[in-house]
Every structure is written in C-alpha cells, then in structure tokens.
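Asker: Quick one: the structure is below, questions incoming.
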Amino acid sequence: MFNNQIVAKAANLCSVALVSAGILMSSSALAAGYPEKAITFINPYSAGGPSDVLARIVAKEMSTILGQPIIVQNKPGAGASIGAAYVARSEADGYTLLFGTAAAHVVSPMIEKVTYDGLKDFSFVGMVGNIPNVLTVHPDTKITSVKQLIQYSKDHPDKLNYASAGNGSSPHLTGENFKLKTGASLTHIPYKGAAPATTDMVGGAVQAGFINLPGVLSFIKTGKLTALAIAASKRSPALPNVPTFAELGYSGFEGSSWYSLAAPAGTPAAVVDTLYAALAKVMNDPKVQEQLEAQGVEPFLMNASDSLAFVEKDKARIKQLLQASNIQIN
C-alpha cells in the first residue's frame, strides 16, 4: 500500500540523521562554496495552502543551516505545471528549486500539454513530507457522515460540488476515486491551490471538498467545516476524532499528497548532496517534526535516488487511477 511505504520510509529518518552531517561537510567542499546567494523555492500553488505552509517551514530551517536566505515564491495555476515549467527552464545551479507534488511531476504531464517532462527535466533533492486528504462539508448541508453524503448526492444528482486544489492534484484524484467506488454524484470544482478552495468552502460557494489536512484544519476545529473522514491508513494526531474511510467500511480510499524538493536536470551532484544534507538535518529535528505533525504533515524523508524511484512507482499507480476514472491521458 502507498501509505505503508510512506510509514516505512519515514521510520528511517533517524538513521539518515547519522550520516547527514558528514554529507553536508564533504559535499559543501565539493560544491565550491555553494550556496553563495539566496535560493528560491517555487511553490506551484497559491499562498496560504498546505504546500505553502510546509515550504516555508522547510525554507526557514534550511536557510539557517545553509547560511543563505531561502525565498518561497508562489507560481500557481494549470495543475501546478506553471511553477514546474518555470523551474525546469531555470539554470541548473541549485538556486531555483521546485517544491513539487504528484500533480507537478506526474499528473499534469499526463493529462495536460506541458513544456517539460516531470521526471527527466528535474534532479530530485529528496522527499519532504506527506499530507493526507480529508473529506469536509459545509455545516449548512446538514450532512454529518460519509454514508449520508453518498445517499444525498444520489438522491440529488449534480446538486453537490466538491473543491480540490486543482486538476490532477491528489485531492482531485481522491475525489474521483471516491465517486468511482461509491457511485456518489459530485461535480469537481478545481482551484489554484487549497487556500482559495477552502475559502469558497467556508463561504458556502461549494458544499464539499477533498483538501489536504493543513488547509482545512483550523476551520474544522472552529466548526466552520465538518470533517467526515480522512483518507489515510490511520487517524491523524491533529484530528484524532475524525475516522478513516476504512474505519467507516470504505476500503481503498487512502489518498495523500507527497511533497518533494527538486532542482532542474543537470544540477551538479555536489549541489544536490549539499541541499539534501541540509534537508535531512531539518527533517530529523524533533522540533520540526513536532511542528509538522501539529499541522497534519507526516515527515517523509528520502534521498535523491530513492525519491526518483518512488515517483516512478507512483506514476504507474496514478496512471491506473486516471484510466479507471476515465480521465484522458495524453
């Protein structure tokens, strides 16, 4: 299972910490003084969403380790492909990096006409985190369970809309999988990130949503949104009272968004090593882990080669899901 692999990889964080300091020292020397100026993380989603929150936490901590500012710049739109294309075209010097997702690296290149290859045009630095999707509804719907949502949608076809962070995003795929396996009648409304999607859900413009947990967490806690189920193998410590889909009798609904850090293809290996060593040190910091977990983020660290292998495997899984959901593949 996808999430089982995540748990297994995350369990290796401590062992990675033992070698990260040594890697940082040796690779920094090989990188000829890198970094010598500010680094930019391109976030292909709108400000304020889960990707933005995670990117800024990681950027702040890595900046301290590397001794240079790290700026998070938002370039949302087109299923995260605008930001990804920008990084793919950037100079391969380690100063412009993509804070990417499956949408940017896998889905958009399969369902849209993009100007880059999601794998070949990037040098992965490492995996950063994993965030489960959560199904929420506006309280005015009076819907309080997944079963009730499914039945209401069948009794009132095309009356319920659901928001996602954009076409090809993990929440979108989770939503389409939900429709496919339950027969629910929901209309997808894509946004340029979780933040604007959540704003419209809270305002009542859309009735439901599959959104990454950090984006809706505060609104769930204040009662402005009702969480029905979380698409994960286990409950989130951030929302211990919200059941998983499996607990409710719906199997096969595990859906999450992984986040990676990637440079343009051709970036010197020594630069990639320096970046990964800093990333590993950040992700193994107990204070950072605690901060991420409070936001509903699972620390999920992998090195460059393991990240590429993981994305290649996930690409095959996503392709099957797209085909099953009748989403056209280029």
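By convention in this document, the chains of the structure tokens carry letters A, B, ... by their order, each chain's residues are numbered from 1, and ligands are numbered from 1 in the order they are shown.
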Taking the DSSP assignment computed from this structure's backbone, write out as a ChimeraX atom specification all residues of stretch 11-251 of chain A that belong to helix (DSSP H, G or I).

Answerer: /A:13-30,50-66,81-89,102-111,139-141,146-155,170-182,194-203,213-221,246-248

Asker: For stretch 289-291 of chain A, find every residue with an atom within 12 Å (counting only C-alpha atoms), except residues of its own chain fewer than 2 positions away, and show them as a PDB file with N, CA, C and O atoms, in the first residue's frame.

Answerer:
```pdb
ATOM      1  N   ALA A  10       9.444   6.730   6.410  1.00  0.00           N
ATOM      2  CA  ALA A  10       9.545   7.732   7.476  1.00  0.00           C
ATOM      3  C   ALA A  10      10.274   7.161   8.684  1.00  0.00           C
ATOM      4  O   ALA A  10      10.951   7.876   9.421  1.00  0.00           O
ATOM      5  N   LEU A  13      14.087   7.887   9.217  1.00  0.00           N
ATOM      6  CA  LEU A  13      14.578   9.251   9.409  1.00  0.00           C
ATOM      7  C   LEU A  13      15.772   9.295  10.364  1.00  0.00           C
ATOM      8  O   LEU A  13      16.738  10.017  10.138  1.00  0.00           O
ATOM      9  N   CYS A  14      15.696   8.552  11.448  1.00  0.00           N
ATOM     10  CA  CYS A  14      16.765   8.613  12.447  1.00  0.00           C
ATOM     11  C   CYS A  14      18.086   8.104  11.889  1.00  0.00           C
ATOM     12  O   CYS A  14      19.148   8.661  12.169  1.00  0.00           O
ATOM     13  N   VAL A  53       2.556  26.256   3.510  1.00  0.00           N
ATOM     14  CA  VAL A  53       2.915  26.119   4.927  1.00  0.00           C
ATOM     15  C   VAL A  53       4.155  25.248   5.078  1.00  0.00           C
ATOM     16  O   VAL A  53       5.120  25.606   5.775  1.00  0.00           O
ATOM     17  N   LEU A  54       4.160  24.107   4.412  1.00  0.00           N
ATOM     18  CA  LEU A  54       5.285  23.172   4.508  1.00  0.00           C
ATOM     19  C   LEU A  54       6.547  23.780   3.905  1.00  0.00           C
ATOM     20  O   LEU A  54       7.634  23.686   4.485  1.00  0.00           O
ATOM     21  N   ILE A  57       8.137  26.376   6.276  1.00  0.00           N
ATOM     22  CA  ILE A  57       8.791  25.772   7.444  1.00  0.00           C
ATOM     23  C   ILE A  57      10.159  25.219   7.049  1.00  0.00           C
ATOM     24  O   ILE A  57      11.172  25.474   7.706  1.00  0.00           O
ATOM     25  N   VAL A  58      10.186  24.468   5.949  1.00  0.00           N
ATOM     26  CA  VAL A  58      11.435  23.858   5.494  1.00  0.00           C
ATOM     27  C   VAL A  58      12.429  24.927   5.050  1.00  0.00           C
ATOM     28  O   VAL A  58      13.628  24.850   5.356  1.00  0.00           O
ATOM     29  N   GLU A  61      14.197  26.692   8.045  1.00  0.00           N
ATOM     30  CA  GLU A  61      15.185  25.873   8.735  1.00  0.00           C
ATOM     31  C   GLU A  61      16.409  25.595   7.853  1.00  0.00           C
ATOM     32  O   GLU A  61      17.543  25.616   8.325  1.00  0.00           O
ATOM     33  N   VAL A 128      10.031  15.304   1.194  1.00  0.00           N
ATOM     34  CA  VAL A 128       9.942  16.180   2.356  1.00  0.00           C
ATOM     35  C   VAL A 128       8.840  15.748   3.314  1.00  0.00           C
ATOM     36  O   VAL A 128       9.057  15.558   4.501  1.00  0.00           O
ATOM     37  N   GLY A 129       7.627  15.603   2.807  1.00  0.00           N
ATOM     38  CA  GLY A 129       6.503  15.297   3.687  1.00  0.00           C
ATOM     39  C   GLY A 129       5.361  14.665   2.938  1.00  0.00           C
ATOM     40  O   GLY A 129       5.333  14.644   1.698  1.00  0.00           O
ATOM     41  N   PRO A 214      -3.763  20.218   6.370  1.00  0.00           N
ATOM     42  CA  PRO A 214      -3.414  21.521   6.949  1.00  0.00           C
ATOM     43  C   PRO A 214      -4.266  22.673   6.456  1.00  0.00           C
ATOM     44  O   PRO A 214      -4.491  23.645   7.178  1.00  0.00           O
ATOM     45  N   PRO A 237      -3.063  12.488  14.271  1.00  0.00           N
ATOM     46  CA  PRO A 237      -2.972  13.062  15.623  1.00  0.00           C
ATOM     47  C   PRO A 237      -3.548  14.472  15.687  1.00  0.00           C
ATOM     48  O   PRO A 237      -3.993  14.917  16.746  1.00  0.00           O
ATOM     49  N   ALA A 238      -3.554  15.167  14.549  1.00  0.00           N
ATOM     50  CA  ALA A 238      -4.098  16.528  14.524  1.00  0.00           C
ATOM     51  C   ALA A 238      -5.620  16.538  14.589  1.00  0.00           C
ATOM     52  O   ALA A 238      -6.225  17.528  15.013  1.00  0.00           O
ATOM     53  N   ALA A 280      17.887  16.825   5.219  1.00  0.00           N
ATOM     54  CA  ALA A 280      17.855  15.706   6.159  1.00  0.00           C
ATOM     55  C   ALA A 280      18.007  16.190   7.594  1.00  0.00           C
ATOM     56  O   ALA A 280      17.336  15.700   8.510  1.00  0.00           O
ATOM     57  N   LYS A 281      18.887  17.162   7.792  1.00  0.00           N
ATOM     58  CA  LYS A 281      19.089  17.704   9.133  1.00  0.00           C
ATOM     59  C   LYS A 281      17.810  18.369   9.642  1.00  0.00           C
ATOM     60  O   LYS A 281      17.425  18.209  10.803  1.00  0.00           O
ATOM     61  N   VAL A 282      17.127  19.087   8.749  1.00  0.00           N
ATOM     62  CA  VAL A 282      15.865  19.742   9.121  1.00  0.00           C
ATOM     63  C   VAL A 282      14.805  18.707   9.474  1.00  0.00           C
ATOM     64  O   VAL A 282      14.138  18.795  10.511  1.00  0.00           O
ATOM     65  N   MET A 283      14.644  17.707   8.616  1.00  0.00           N
ATOM     66  CA  MET A 283      13.575  16.738   8.799  1.00  0.00           C
ATOM     67  C   MET A 283      13.816  15.795   9.972  1.00  0.00           C
ATOM     68  O   MET A 283      12.880  15.158  10.458  1.00  0.00           O
ATOM     69  N   ASN A 284      15.045  15.719  10.437  1.00  0.00           N
ATOM     70  CA  ASN A 284      15.342  14.892  11.607  1.00  0.00           C
ATOM     71  C   ASN A 284      15.336  15.679  12.907  1.00  0.00           C
ATOM     72  O   ASN A 284      15.609  15.124  13.972  1.00  0.00           O
ATOM     73  N   ASP A 285      15.052  16.958  12.836  1.00  0.00           N
ATOM     74  CA  ASP A 285      14.962  17.801  14.023  1.00  0.00           C
ATOM     75  C   ASP A 285      13.632  17.521  14.733  1.00  0.00           C
ATOM     76  O   ASP A 285      12.572  17.742  14.153  1.00  0.00           O
ATOM     77  N   PRO A 286      13.658  17.019  15.968  1.00  0.00           N
ATOM     78  CA  PRO A 286      12.405  16.710  16.674  1.00  0.00           C
ATOM     79  C   PRO A 286      11.445  17.899  16.766  1.00  0.00           C
ATOM     80  O   PRO A 286      10.228  17.719  16.705  1.00  0.00           O
ATOM     81  N   LYS A 287      11.984  19.104  16.900  1.00  0.00           N
ATOM     82  CA  LYS A 287      11.114  20.284  16.986  1.00  0.00           C
ATOM     83  C   LYS A 287      10.389  20.526  15.669  1.00  0.00           C
ATOM     84  O   LYS A 287       9.218  20.895  15.648  1.00  0.00           O
ATOM     85  N   GLU A 293       3.825  17.713  12.433  1.00  0.00           N
ATOM     86  CA  GLU A 293       2.756  16.798  12.830  1.00  0.00           C
ATOM     87  C   GLU A 293       1.565  17.539  13.414  1.00  0.00           C
ATOM     88  O   GLU A 293       0.417  17.111  13.272  1.00  0.00           O
ATOM     89  N   ALA A 294       1.820  18.679  14.061  1.00  0.00           N
ATOM     90  CA  ALA A 294       0.719  19.501  14.580  1.00  0.00           C
ATOM     91  C   ALA A 294      -0.120  20.081  13.454  1.00  0.00           C
ATOM     92  O   ALA A 294      -1.292  20.407  13.638  1.00  0.00           O
ATOM     93  N   GLN A 295       0.497  20.190  12.267  1.00  0.00           N
ATOM     94  CA  GLN A 295      -0.212  20.702  11.088  1.00  0.00           C
ATOM     95  C   GLN A 295      -0.834  19.568  10.258  1.00  0.00           C
ATOM     96  O   GLN A 295      -1.441  19.824   9.219  1.00  0.00           O
ATOM     97  N   GLY A 296      -0.663  18.335  10.717  1.00  0.00           N
ATOM     98  CA  GLY A 296      -1.194  17.199   9.973  1.00  0.00           C
ATOM     99  C   GLY A 296      -0.262  16.685   8.900  1.00  0.00           C
ATOM    100  O   GLY A 296      -0.666  15.940   8.017  1.00  0.00           O
ATOM    101  N   VAL A 297       1.030  17.059   8.977  1.00  0.00           N
ATOM    102  CA  VAL A 297       2.027  16.636   7.994  1.00  0.00           C
ATOM    103  C   VAL A 297       2.846  15.487   8.547  1.00  0.00           C
ATOM    104  O   VAL A 297       3.350  15.548   9.669  1.00  0.00           O
ATOM    105  N   GLU A 298       3.008  14.425   7.757  1.00  0.00           N
ATOM    106  CA  GLU A 298       3.869  13.310   8.126  1.00  0.00           C
ATOM    107  C   GLU A 298       5.255  13.560   7.540  1.00  0.00           C
ATOM    108  O   GLU A 298       5.402  13.646   6.320  1.00  0.00           O
ATOM    109  N   PRO A 299       6.294  13.702   8.368  1.00  0.00           N
ATOM    110  CA  PRO A 299       7.647  13.807   7.816  1.00  0.00           C
ATOM    111  C   PRO A 299       7.945  12.581   6.958  1.00  0.00           C
ATOM    112  O   PRO A 299       7.636  11.456   7.341  1.00  0.00           O
ATOM    113  N   PHE A 300       8.515  12.807   5.787  1.00  0.00           N
ATOM    114  CA  PHE A 300       8.655  11.735   4.807  1.00  0.00           C
ATOM    115  C   PHE A 300       9.948  11.966   4.020  1.00  0.00           C
ATOM    116  O   PHE A 300       9.950  12.552   2.958  1.00  0.00           O
ATOM    117  N   LEU A 301      11.072  11.513   4.569  1.00  0.00           N
ATOM    118  CA  LEU A 301      12.380  11.832   4.004  1.00  0.00           C
ATOM    119  C   LEU A 301      12.913  10.702   3.146  1.00  0.00           C
ATOM    120  O   LEU A 301      12.917   9.548   3.553  1.00  0.00           O
TER     121      LEU A 301
END
```

Asker: I'd like the neighbourhood of A:Ala205 as a PyMOL selection string, where a residue qualifies if any of its atoms comes within 10 Å (using only C-alpha atoms), though same-chain residues fewer than 3 positions away should be ignored.

Answerer: chain A and resi 138+161-163+197-202+208

Asker: Extract, using only C-alpha atoms, all DNA, RNA and protein residues at most 6 Å from A:Leu225, discarding same-chain residues fewer than 4 positions from it, and format them as a list in words.

Answerer: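 That gives Val137, His138, Pro139, Phe219 and Ile220 of chain A.
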
Asker: Please extract the residues of stretch 205-309 of chain A with a backbone DSSP assignment of strand (DSSP E) and present them as a PyMOL selection string.

Answerer: chain A and resi 208-212+226-231+256-264+298-302

Asker: What is the atom CA of A:Lys154 to atom CA of A:Val242 distance in Å?

Answerer: 23.8 Å

Asker: Using only C-alpha atoms, which protein or nucleic acid residues come within 7 Å of stretch 184-194 of chain A? Drop anything in the same chain fewer than 6 positions from it, and give the result as a ChimeraX atom specification.

Answerer: /A:45-46,49-50,76-77,150,153-154,157-158,160-167,211,215

Asker: May I ask which of the residues A:Thr182, A:Gln320, A:Ser123, A:Asn133 is the closest one to A:Asp273, counting only C-alpha atoms?

Answerer: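 Of all the options, A:Ser123 lies closest to A:Asp273.
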
Asker: Could you pull the residues within 12 Å of A:Pro264, counting only C-alpha atoms, minus those fewer than 5 positions along the same chain, as an NGL selection string?

Answerer: :A and (41-42 or 84-100 or 116-125 or 269 or 271-272)

Asker: May I have the selected residues written with N, CA and C atoms, as a CSV table (one decimal), in the first residue's frame?

Answerer:
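Heads up, here's the output in part.csv:
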```
chain,number,residue,atom,x,y,z
A,41,PHE,N,12.6,28.8,-3.5
A,41,PHE,CA,11.7,27.6,-3.6
A,41,PHE,C,10.5,28.1,-4.4
A,42,ILE,N,10.2,27.5,-5.5
A,42,ILE,CA,9.0,27.7,-6.3
A,42,ILE,C,7.9,26.8,-5.8
A,84,ALA,N,6.2,24.3,-12.2
A,84,ALA,CA,7.1,23.3,-12.6
A,84,ALA,C,7.9,23.6,-13.8
A,85,ALA,N,7.1,24.2,-14.8
A,85,ALA,CA,7.8,24.6,-16.1
A,85,ALA,C,8.8,25.7,-15.9
A,86,TYR,N,8.5,26.6,-15.0
A,86,TYR,CA,9.5,27.7,-14.6
A,86,TYR,C,10.8,27.1,-14.1
A,87,VAL,N,10.7,26.2,-13.2
A,87,VAL,CA,11.9,25.6,-12.6
A,87,VAL,C,12.6,24.7,-13.7
A,88,ALA,N,11.9,24.0,-14.5
A,88,ALA,CA,12.5,23.2,-15.5
A,88,ALA,C,13.4,24.0,-16.5
A,89,ARG,N,12.9,25.2,-16.7
A,89,ARG,CA,13.6,26.1,-17.6
A,89,ARG,C,14.7,26.9,-16.9
A,90,SER,N,14.8,26.9,-15.6
A,90,SER,CA,15.8,27.7,-14.9
A,90,SER,C,17.2,27.1,-15.0
A,91,GLU,N,18.2,27.9,-14.7
A,91,GLU,CA,19.6,27.5,-14.7
A,91,GLU,C,19.8,26.4,-13.7
A,92,ALA,N,20.5,25.4,-14.1
A,92,ALA,CA,20.8,24.2,-13.2
A,92,ALA,C,21.9,24.5,-12.2
A,93,ASP,N,21.8,25.5,-11.4
A,93,ASP,CA,22.8,25.9,-10.5
A,93,ASP,C,22.5,25.7,-9.0
A,94,GLY,N,21.3,25.2,-8.7
A,94,GLY,CA,20.9,25.0,-7.3
A,94,GLY,C,20.2,26.2,-6.6
A,95,TYR,N,20.0,27.2,-7.4
A,95,TYR,CA,19.4,28.4,-6.8
A,95,TYR,C,17.9,28.6,-7.0
A,96,THR,N,17.3,27.8,-7.9
A,96,THR,CA,15.9,27.8,-8.2
A,96,THR,C,15.4,26.3,-8.1
A,97,LEU,N,14.6,26.0,-7.1
A,97,LEU,CA,14.1,24.7,-6.8
A,97,LEU,C,12.6,24.6,-6.8
A,98,LEU,N,12.1,23.4,-7.1
A,98,LEU,CA,10.6,23.2,-7.1
A,98,LEU,C,10.2,22.5,-5.9
A,99,PHE,N,9.2,23.1,-5.2
A,99,PHE,CA,8.6,22.4,-4.0
A,99,PHE,C,7.4,21.6,-4.7
A,100,GLY,N,7.7,20.5,-5.2
A,100,GLY,CA,6.7,19.8,-6.1
A,100,GLY,C,5.8,18.8,-5.4
A,116,TYR,N,7.4,20.5,-20.3
A,116,TYR,CA,8.5,19.8,-19.6
A,116,TYR,C,8.2,18.3,-19.3
A,117,ASP,N,9.2,17.5,-19.0
A,117,ASP,CA,9.0,16.2,-18.6
A,117,ASP,C,9.1,16.2,-17.1
A,118,GLY,N,8.1,15.6,-16.4
A,118,GLY,CA,8.1,15.7,-14.9
A,118,GLY,C,9.2,15.0,-14.2
A,119,LEU,N,9.8,14.0,-14.9
A,119,LEU,CA,10.9,13.3,-14.3
A,119,LEU,C,12.3,13.7,-14.9
A,120,LYS,N,12.4,13.6,-16.2
A,120,LYS,CA,13.6,13.8,-16.9
A,120,LYS,C,14.2,15.2,-16.8
A,121,ASP,N,13.3,16.2,-16.6
A,121,ASP,CA,13.7,17.6,-16.6
A,121,ASP,C,14.1,18.1,-15.1
A,122,PHE,N,14.2,17.1,-14.2
A,122,PHE,CA,14.4,17.5,-12.8
A,122,PHE,C,15.5,16.6,-12.2
A,123,SER,N,16.2,17.1,-11.2
A,123,SER,CA,17.1,16.4,-10.4
A,123,SER,C,16.5,16.4,-9.0
A,124,PHE,N,15.9,15.3,-8.5
A,124,PHE,CA,15.3,15.3,-7.2
A,124,PHE,C,16.3,15.4,-6.1
A,125,VAL,N,16.0,16.3,-5.2
A,125,VAL,CA,16.9,16.5,-4.0
A,125,VAL,C,16.5,15.5,-2.9
A,269,ALA,N,25.9,17.2,-8.9
A,269,ALA,CA,25.6,16.3,-7.8
A,269,ALA,C,26.0,16.8,-6.5
A,271,VAL,N,26.0,19.9,-5.5
A,271,VAL,CA,25.0,20.8,-5.0
A,271,VAL,C,23.8,20.1,-4.5
A,272,VAL,N,23.3,19.1,-5.2
A,272,VAL,CA,22.2,18.3,-4.8
A,272,VAL,C,22.5,17.6,-3.4
```

Asker: Could you tell me which of A:Gly204, A:Pro109, A:Gly67, A:Gly126 comes closest to A:Tyr259 if we count only C-alpha atoms?

Answerer: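 Closest candidate: A:Gly126.
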
Asker: Using only C-alpha atoms for the distances, tell me which of A:His172, A:Lys37, A:Lys113, A:Lys224 is nearest to A:Ser256.

Answerer: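 Counting only C-alpha atoms, the residue closest to A:Ser256 is A:His172.
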
Asker: Could you tell me how far atom CA of A:Gly209 lies from atom CA of A:Gly175, in Å and to one decimal?

Answerer: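 Computing it gives 8.2 Å between the two atoms.
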